[in-house]
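Colleague: Structure provided below as structure tokens; questions to follow.
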Amino acid sequence: MSPQDTNQRPVLGIDLGTTNSVVASVIGGRVQLLQDAHGQVLFPSAVTLGEGDRLWIGREALALGAAMPGRTVYAVKRLIGRWYRDDVVQRARQFYPYRIQENPSGGGVHILLGERPYTPEQVSGLVLRELRDSFVRQVGVAIEDAVVTVPAYFNHSQREGTQRAAAEAGLKVLRLLNEPTAAALSLPGGSPTEQIVAVYDFGGGTFDISVIRIAGKVYEVLATDGDTFLGGDDIDGLLCDELARCFEADTGVKLRHFPLAWYRLRDAAEKAKKELSHNPSCSVFLSRLVEEHALAAELTQARLEALAQPLIDRSLAICDRTLKAAGLTRERLHKLLLVGGQTRMPLIRRAVIGFFDREPEPGVDPDTAVAEGAAREGAMLRQGSGALLLDVTPITLGINIAGNRMYSIIGRNTKVPTSQTHVFTTHRDQQTRARIIILQGDNPVASENTRLGEVLLANLRGYERFNARIQVRFDIDANGILKVFAVDQDSGESQALTIRDSFNPEGREGAEGLEDDDTLAPSPDQARVTISGPFRSTELVDVLYFLHTNHKTGRIGLRGAWGGGDLWLLDGHITHARLGDQTGLEAARALLGTPGGDYAFHEDEAPQGPPQIELLFEDLVQVRPET
Amino acid sequence: MKATYRLAGSDRAGEVRNLDTCGAFVMGPAEPGRLVLVLAGGDQALALPGEVVDVRPEGFAFVFAALPPETLERLDLLLRTGSPGAPPASAPPPMGLRVAGEDWSPPVSEPTLHQWIPEKGPVPPTRGEGESRGWLSLPTLAQDPESTPSAVPAAAPAPAAPAPVAAAPARMALPVRAAAPARAPSPAAEPQGDERRQLERHEQSIPVAFDNLTSLIKEFTHNISFGGMFVYTDRQLAKLASTVVTLIHPVTGERLSLEARVAHCGKAPSPDPITGTQRFGVGLEFTLPLERLKPLLSKFISAHQPDEAQPAVSDVVGAARAVLARGQTAAKLLGLPEQPQAAQVRAAYFALVDRFHPDRHYGKLSAAERQVLEELFRRLTKAYQELGA
């Protein structure tokens, strides 16, 4: 195989879904979809370990599931890249008929097929391999490269898990693509006039929304958001609960204790849900569901919609947030794309059309748009022409700093690939260790965010506080995978960390129980440091001390529940202070809580420009001395 | 390329690697902090202030401070031409291009672009025994349908040719056609007879790849147009042995095969500083008379413009560097007047990104080239955001 041939090889676009997967590839300039023997393009993401340890994958696995629920696995996408003690995994343990155990090495998840343990990545790998092999059989061309889609809101360990799954299947992942973005790529580009498109992707397991600007061949993602535990499965689950309640009322039997019955119930619930997309009511009947008891129930569209409404409202709240993040109003949108099989549900269509005040784009297949877009991206990467995607990282990434606060280094909706460097310093005298916890999330309180890993610098020189200079660099590649570098500029000690195994063994408690001693503080050298979050007044003194000793000039803006204030420093001296109505020495005393001080005031020099350091206080008012 | 820098009162020097417009890695000791790196190219020197950001046992990573536009321009020139001060016309022998090797120099020194066809003839190719036999009748060349007796440049890359070489920056690659080591001539073997010689010729075809058009032109003006060149091969070649040199055009991939004779071969192998593989320096002289060689090569080099639809990666990277060197204000980087309108900014950003985004050249870039394009993308995006479009 010469390099020339390799360059012509098709690339698979794989929408690896929670319930169903779809595969496409651009062959001879046209998107071709994988079809099974029945002409179906949806391939169930399910695996069954059958008799004689034979593995069944796809539609057969789903068919066998009713017969051997303990040996059939589906919806593993929700478990990929997660820690066993994760809330999601614990919920899934009750939700799914297969057994989920803790992986004895490393604390990840093991799924039992019969008695045999598989990681979620291995199960997904089996599905991917089957998809690849089927497609290769269909088109008769060897294919090794793929673009695999992931929900936009997948975090780093989930992305890594998906890459591991592809590696299990012997596929080389050219790119991990965010699902709603991929769907937008299925739209034809090339129009000279600019178009703004919202993609509402309500899938089997996850919800995503992206707002994308298309101009010429460039697809620029303006904002992306989502929820990894909001999808059609959740509607099924609610319907199951409803049916189980009916059954328990009739017979007094709790269905949860019968895996086979529960499996049949889920299947019936899903069918009923689809039926209710077309009919106002339907009946569910399952004979001999538990022993002699049959389930017989009537479901109405109204009841289903009442059950699903809270889920839809959650998705619309995320849409609202995303439009705001993109700096747009609904009127500025040109197109609305509905993606994901669940968007066929009349309630969702009504709600989304109502929310965006716009009809969805016709001719878009909600099941295949994501895979088609992934195939186009693969063709672009191969040929260097066609739609060019400028994607963003959907999640804010940062580190913990003194006072259990989150310091954002790469904000959400930053274009990737990207690299950001910030300088931090120590906040204790003789601090020799810096423990940098890498966090993702938008909460200003560090412990409320998800912890991805940590970097430890253990050989700091132990200067007076605020004198160390520690550079922290975050790199995100085009796949959304993060690398962190930390360098102490005095000792030259450096640490690099690729966030690979980002399971958090302690769960959230891990971040809460942090010793504050080893954390860092933002370096006031940083232009325009904005820290928002609960902040103690004692830390103001720290910052002032630093500014004073380092002869810094700058303006500090102070904000709190009590109002605002300003401190203006010139060569380490406070030249101006304002706190509410107070100014000058009086205000400085009030701010610092100390009488006197060798501060020079030049009231006639009015401060100009925005504050370079902005501090948000929650308890500053308490240190105001007697007036 | 060597660089000097002053540290704790003493001057130190080290080799510079991964140089781009943002920083470099210097093979030498340093401590974190600010210093000035002085890059010397010929008689020109370029002082680059900045900061040591990472120190490792083998060297340190150095990031440039915000550079004034003229320094940036000179740095860009250095990156493209190997000399920071002057255009290639008066440049000293190219840095990085290890053409005039350790103990072999081209027949005529100080060539310039203006001496494209020099007045004085260089040393004529040595004529050895058996010269009357035309090399074009050798069996090896029959395999290459693109080669014609007059050695006119092939119209398309020869499909049966050895895999093209992705050469590291400023390095000539040296694939040699022989597949099995057993077929390689033994180092001590001297040509014994006609059959032996034919066999050797068959095996000693040396493809030579160039990183970019500039390095090919330089090689032509400095060496090839005087009748010889210096390359590295993975095995020793006997002196006076005949061989076929296949020049691979860096833009079009076309091949030009020329018969040559080994004028010099290093006795002992030396390791490649980048890959660490052992290789031998070989001085070659072409057998074709100069008056036929030069027009052939001129045509080979100049006749081919890069394809508009699929620009060569090296040209894209060069153009990307030129954009990076445009200036440090957001508007300048995007090629716009100061205080542009939002629509202008967006149009300029989209056009530049459409051309230079690393994804547009996926799988075709070396790590260093990708870094250049990624850096350009980050700067463009920053400028785009600064201008608030």
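Residues are referred to by chain and number: the chain letter is A, B, ... according to the order shown in the structure tokens, the number counts from 1 in that chain, and ligands are numbered separately from 1 in the order shown.
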Got a sec: who's within 10 Å of stretch 22-38 of chain B, counting only C-alpha atoms, leaving out chain neighbours fewer than 4 positions off, as a PyMOL selection string?
Modeller: (chain A and resi 487-493) or (chain B and resi 1-8+12-18+45-67+72+75+324+372+375)
Colleague: Using only C-alpha atoms, select each residue of chain A with any atom at most 10 Å away from an atom of chain B, and give the selection as JSON, numbers by chain.
Modeller: {"A": [2, 3, 4, 7, 174, 175, 215, 216, 217, 218, 219, 220, 377, 380, 381, 382, 383, 384, 385, 386, 387, 388, 389, 390, 414, 415, 416, 417, 418, 419, 420, 471, 477, 478, 486, 487, 488, 489, 490, 491, 492, 493, 494, 495]}
Colleague: Set the distance at 10 Å and use only C-alpha atoms: which residues neighbour stretch 275-283 of chain A once local chain neighbours fewer than 2 positions away are removed? I'd like the list as a list in words.
Modeller: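 Listed by chain and then number, they are Ala268, Ala269, Glu270, Lys271, Ala272, Lys273, Phe285, Ala296, Ala297, Glu298, Leu299, Thr300, Gln301, Ala302, Arg303, Leu304, Glu305, Gln342, Arg344, Met345, Pro346 and Leu347 of chain A.
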Colleague: For the residues in that selection, give me C-alpha atoms as a PDB file, in the first residue's frame.
Modeller:
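What landed in again14.pdb:
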ATOM      1  CA  ALA A 268     -42.554  -2.576  26.304  1.00  0.00           C
ATOM      2  CA  ALA A 269     -42.131   0.942  27.657  1.00  0.00           C
ATOM      3  CA  GLU A 270     -39.942   1.933  24.737  1.00  0.00           C
ATOM      4  CA  LYS A 271     -42.466   0.529  22.259  1.00  0.00           C
ATOM      5  CA  ALA A 272     -45.290   2.321  24.040  1.00  0.00           C
ATOM      6  CA  LYS A 273     -43.356   5.582  23.934  1.00  0.00           C
ATOM      7  CA  PHE A 285     -49.823  -6.041  28.060  1.00  0.00           C
ATOM      8  CA  ALA A 296     -52.088  -4.742  31.724  1.00  0.00           C
ATOM      9  CA  ALA A 297     -52.092  -0.982  31.520  1.00  0.00           C
ATOM     10  CA  GLU A 298     -53.400   1.878  29.437  1.00  0.00           C
ATOM     11  CA  LEU A 299     -51.058   4.747  28.685  1.00  0.00           C
ATOM     12  CA  THR A 300     -52.087   8.083  27.238  1.00  0.00           C
ATOM     13  CA  GLN A 301     -50.063  10.656  25.424  1.00  0.00           C
ATOM     14  CA  ALA A 302     -51.089  13.188  28.025  1.00  0.00           C
ATOM     15  CA  ARG A 303     -49.689  11.032  30.831  1.00  0.00           C
ATOM     16  CA  LEU A 304     -46.424  10.474  28.965  1.00  0.00           C
ATOM     17  CA  GLU A 305     -46.086  14.165  28.306  1.00  0.00           C
ATOM     18  CA  GLN A 342     -36.216  11.247  20.503  1.00  0.00           C
ATOM     19  CA  ARG A 344     -39.702  12.656  16.826  1.00  0.00           C
ATOM     20  CA  MET A 345     -41.742  12.855  20.002  1.00  0.00           C
ATOM     21  CA  PRO A 346     -44.521  15.408  19.386  1.00  0.00           C
ATOM     22  CA  LEU A 347     -44.055  16.996  22.792  1.00  0.00           C
TER      23      LEU A 347
END
Colleague: From the list A:Ala67, A:Val147, A:Ala374, A:Leu316, which residue is nearest A:Phe355 when using only C-alpha atoms?
Modeller: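 Ranking A:Ala67, A:Val147, A:Ala374, A:Leu316 by distance to A:Phe355, first place goes to A:Leu316.
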Colleague: Using only C-alpha atoms, which protein or nucleic acid residues come within 7 Å of stretch 114-131 of chain A? Drop anything in the same chain fewer than 3 positions from it, and give the result as a ChimeraX atom specification.
Modeller: /A:45,49,57,70-71,76,79-80,109-111,134-135,161-162,164-166,168-169
Colleague: Enter the distance from atom CA of A:Ile312 to atom CA of A:Phe202, in Å, rounded to one decimal.
Modeller: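 Computed distance, atom CA of A:Ile312 to atom CA of A:Phe202, equals 9.4 Å.
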Colleague: With a distance cut-off of 6 Å and only C-alpha atoms, select the neighbouring residues of stretch 433-445 of chain A, excluding the residue or stretch itself and same-chain residues fewer than 3 positions from it, and output the selection as a list in words.
Modeller: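 The filter keeps Thr396, Leu397, Gly398, Ile399, Asn400, Asn404, Arg405, Met406, Glu448, Asn449, Thr450, Arg451, Leu452, Gly453, Glu454, Val455, Leu456, Leu457, Ala458, Leu460, Asp518, Thr519 and Gly533 of chain A.
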Colleague: Please save N, CA and C atoms of the selected residues as a CSV table (one decimal), in the first residue's frame.
Modeller:
chain,number,residue,atom,x,y,z
A,396,THR,N,-15.6,24.4,31.3
A,396,THR,CA,-14.6,25.3,31.9
A,396,THR,C,-13.6,24.4,32.6
A,397,LEU,N,-12.3,24.7,32.4
A,397,LEU,CA,-11.2,24.0,33.1
A,397,LEU,C,-10.3,24.9,33.9
A,398,GLY,N,-9.9,24.5,35.0
A,398,GLY,CA,-9.1,25.4,35.9
A,398,GLY,C,-8.5,24.6,37.0
A,399,ILE,N,-7.9,25.4,37.9
A,399,ILE,CA,-7.3,24.7,39.1
A,399,ILE,C,-7.9,25.3,40.4
A,400,ASN,N,-7.6,24.6,41.5
A,400,ASN,CA,-8.1,25.1,42.8
A,400,ASN,C,-7.0,26.2,43.2
A,404,ASN,N,-10.3,27.3,48.6
A,404,ASN,CA,-11.2,26.4,48.0
A,404,ASN,C,-11.9,27.0,46.8
A,405,ARG,N,-11.2,27.9,46.0
A,405,ARG,CA,-11.8,28.5,44.9
A,405,ARG,C,-11.3,27.9,43.6
A,406,MET,N,-12.2,28.0,42.6
A,406,MET,CA,-11.9,27.5,41.3
A,406,MET,C,-11.4,28.7,40.5
A,448,GLU,N,-16.9,21.9,44.5
A,448,GLU,CA,-18.2,21.6,43.8
A,448,GLU,C,-18.0,21.2,42.4
A,449,ASN,N,-16.7,21.3,41.9
A,449,ASN,CA,-16.4,20.9,40.5
A,449,ASN,C,-15.8,19.5,40.4
A,450,THR,N,-15.8,18.9,39.3
A,450,THR,CA,-15.2,17.6,39.1
A,450,THR,C,-13.7,17.7,39.0
A,451,ARG,N,-13.1,16.8,39.7
A,451,ARG,CA,-11.6,16.8,39.8
A,451,ARG,C,-11.1,15.8,38.7
A,452,LEU,N,-10.2,16.3,37.9
A,452,LEU,CA,-9.6,15.5,36.8
A,452,LEU,C,-8.3,14.9,37.1
A,453,GLY,N,-7.6,15.5,38.1
A,453,GLY,CA,-6.2,14.9,38.4
A,453,GLY,C,-5.5,16.0,39.1
A,454,GLU,N,-4.2,15.7,39.5
A,454,GLU,CA,-3.5,16.7,40.1
A,454,GLU,C,-2.0,16.7,39.8
A,455,VAL,N,-1.4,17.8,39.9
A,455,VAL,CA,0.1,18.0,39.7
A,455,VAL,C,0.7,18.4,41.0
A,456,LEU,N,1.8,17.8,41.4
A,456,LEU,CA,2.4,18.2,42.6
A,456,LEU,C,3.8,18.7,42.4
A,457,LEU,N,4.1,20.0,42.8
A,457,LEU,CA,5.4,20.5,42.8
A,457,LEU,C,5.9,20.4,44.2
A,458,ALA,N,6.9,19.6,44.5
A,458,ALA,CA,7.2,19.4,45.9
A,458,ALA,C,8.5,20.1,46.4
A,460,LEU,N,9.5,23.5,46.0
A,460,LEU,CA,9.6,24.9,45.9
A,460,LEU,C,10.7,25.4,46.9
A,518,ASP,N,-1.3,23.7,50.8
A,518,ASP,CA,-0.4,23.5,49.6
A,518,ASP,C,-1.0,24.1,48.3
A,519,THR,N,-2.1,24.8,48.4
A,519,THR,CA,-2.7,25.4,47.2
A,519,THR,C,-1.9,26.6,46.8
A,533,GLY,N,-16.1,34.7,43.9
A,533,GLY,CA,-16.4,33.6,44.8
A,533,GLY,C,-16.2,34.1,46.2
Colleague: Mind checking DSSP for stretch 87-270 of chain A and telling me the strand (DSSP E) residues as a ChimeraX atom specification?
Modeller: /A:99-102,109-113,116-118,145-150,172-178,195-202,207-215,218-227
Colleague: Could you take the residues named above and write them with C-alpha atoms, as an mmCIF file, in the first residue's frame?
Modeller:
data_model
loop_
_atom_site.group_PDB
_atom_site.id
_atom_site.type_symbol
_atom_site.label_atom_id
_atom_site.label_comp_id
_atom_site.auth_asym_id
_atom_site.auth_seq_id
_atom_site.Cartn_x
_atom_site.Cartn_y
_atom_site.Cartn_z
ATOM 1 C CA ARG A 99 -24.531 -6.508 36.889
ATOM 2 C CA ILE A 100 -22.018 -3.716 37.407
ATOM 3 C CA GLN A 101 -19.051 -4.244 39.693
ATOM 4 C CA GLU A 102 -16.045 -2.304 40.795
ATOM 5 C CA VAL A 109 -16.353 -0.154 36.222
ATOM 6 C CA HIS A 110 -16.696 -3.817 35.320
ATOM 7 C CA ILE A 111 -19.768 -5.153 33.617
ATOM 8 C CA LEU A 112 -20.520 -8.838 34.018
ATOM 9 C CA LEU A 113 -21.548 -10.784 30.958
ATOM 10 C CA ARG A 116 -17.070 -12.672 32.713
ATOM 11 C CA PRO A 117 -16.022 -9.097 33.486
ATOM 12 C CA TYR A 118 -15.738 -6.532 30.703
ATOM 13 C CA ASP A 145 -9.437 5.256 10.363
ATOM 14 C CA ALA A 146 -12.485 6.764 11.963
ATOM 15 C CA VAL A 147 -14.016 9.938 13.240
ATOM 16 C CA VAL A 148 -16.031 9.009 16.327
ATOM 17 C CA THR A 149 -18.618 11.312 17.822
ATOM 18 C CA VAL A 150 -19.096 11.956 21.522
ATOM 19 C CA LYS A 172 -7.405 4.720 14.605
ATOM 20 C CA VAL A 173 -9.363 7.748 15.742
ATOM 21 C CA LEU A 174 -8.521 10.725 13.560
ATOM 22 C CA ARG A 175 -10.801 12.934 15.570
ATOM 23 C CA LEU A 176 -13.324 12.846 18.375
ATOM 24 C CA LEU A 177 -16.115 15.088 17.236
ATOM 25 C CA ASN A 178 -18.847 16.645 19.340
ATOM 26 C CA GLN A 195 -26.046 31.378 8.577
ATOM 27 C CA ILE A 196 -26.513 30.733 12.267
ATOM 28 C CA VAL A 197 -27.785 27.283 13.128
ATOM 29 C CA ALA A 198 -28.968 25.807 16.418
ATOM 30 C CA VAL A 199 -28.614 22.026 16.737
ATOM 31 C CA TYR A 200 -30.887 20.481 19.347
ATOM 32 C CA ASP A 201 -29.695 16.908 19.885
ATOM 33 C CA PHE A 202 -31.899 14.847 22.157
ATOM 34 C CA PHE A 207 -28.750 15.927 25.456
ATOM 35 C CA ASP A 208 -26.582 18.436 23.606
ATOM 36 C CA ILE A 209 -27.076 21.824 22.066
ATOM 37 C CA SER A 210 -24.720 23.744 19.790
ATOM 38 C CA VAL A 211 -25.010 27.117 18.130
ATOM 39 C CA ILE A 212 -22.961 27.275 14.961
ATOM 40 C CA ARG A 213 -22.161 29.991 12.451
ATOM 41 C CA ILE A 214 -21.614 28.769 8.889
ATOM 42 C CA ALA A 215 -19.869 31.090 6.453
ATOM 43 C CA VAL A 218 -16.057 27.352 7.699
ATOM 44 C CA TYR A 219 -18.309 26.071 10.493
ATOM 45 C CA GLU A 220 -17.653 28.082 13.624
ATOM 46 C CA VAL A 221 -19.108 26.749 16.849
ATOM 47 C CA LEU A 222 -20.237 29.717 18.925
ATOM 48 C CA ALA A 223 -21.358 27.796 22.005
ATOM 49 C CA THR A 224 -22.012 24.251 23.121
ATOM 50 C CA ASP A 225 -23.643 22.841 26.216
ATOM 51 C CA GLY A 226 -25.420 19.714 27.332
ATOM 52 C CA ASP A 227 -26.305 17.153 29.952
#
Colleague: I'd like the contact shell of A:Phe43 - 10 Å cut-off, only C-alpha atoms, skipping same-chain residues fewer than 2 positions apart - returned as a list in words.
Modeller: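 Residues near the query, excluding close chain neighbours: Leu16, Gly17, Thr19, Asn20, Ser21, Val22, Val23, Leu34, Gln35, Asp36, Gln40, Val41, Ser45, Ala46, Ile57, Gly58, Arg59, Val127, Glu130 and Leu131 of chain A.
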Colleague: If you run DSSP on this backbone, which residues of stretch 17-254 of chain A come out as alpha helix (DSSP H), and could you give them as number ranges by chain?
Modeller: A: 59-65, 87-95, 120-139, 156-168, 179-185, 232-251
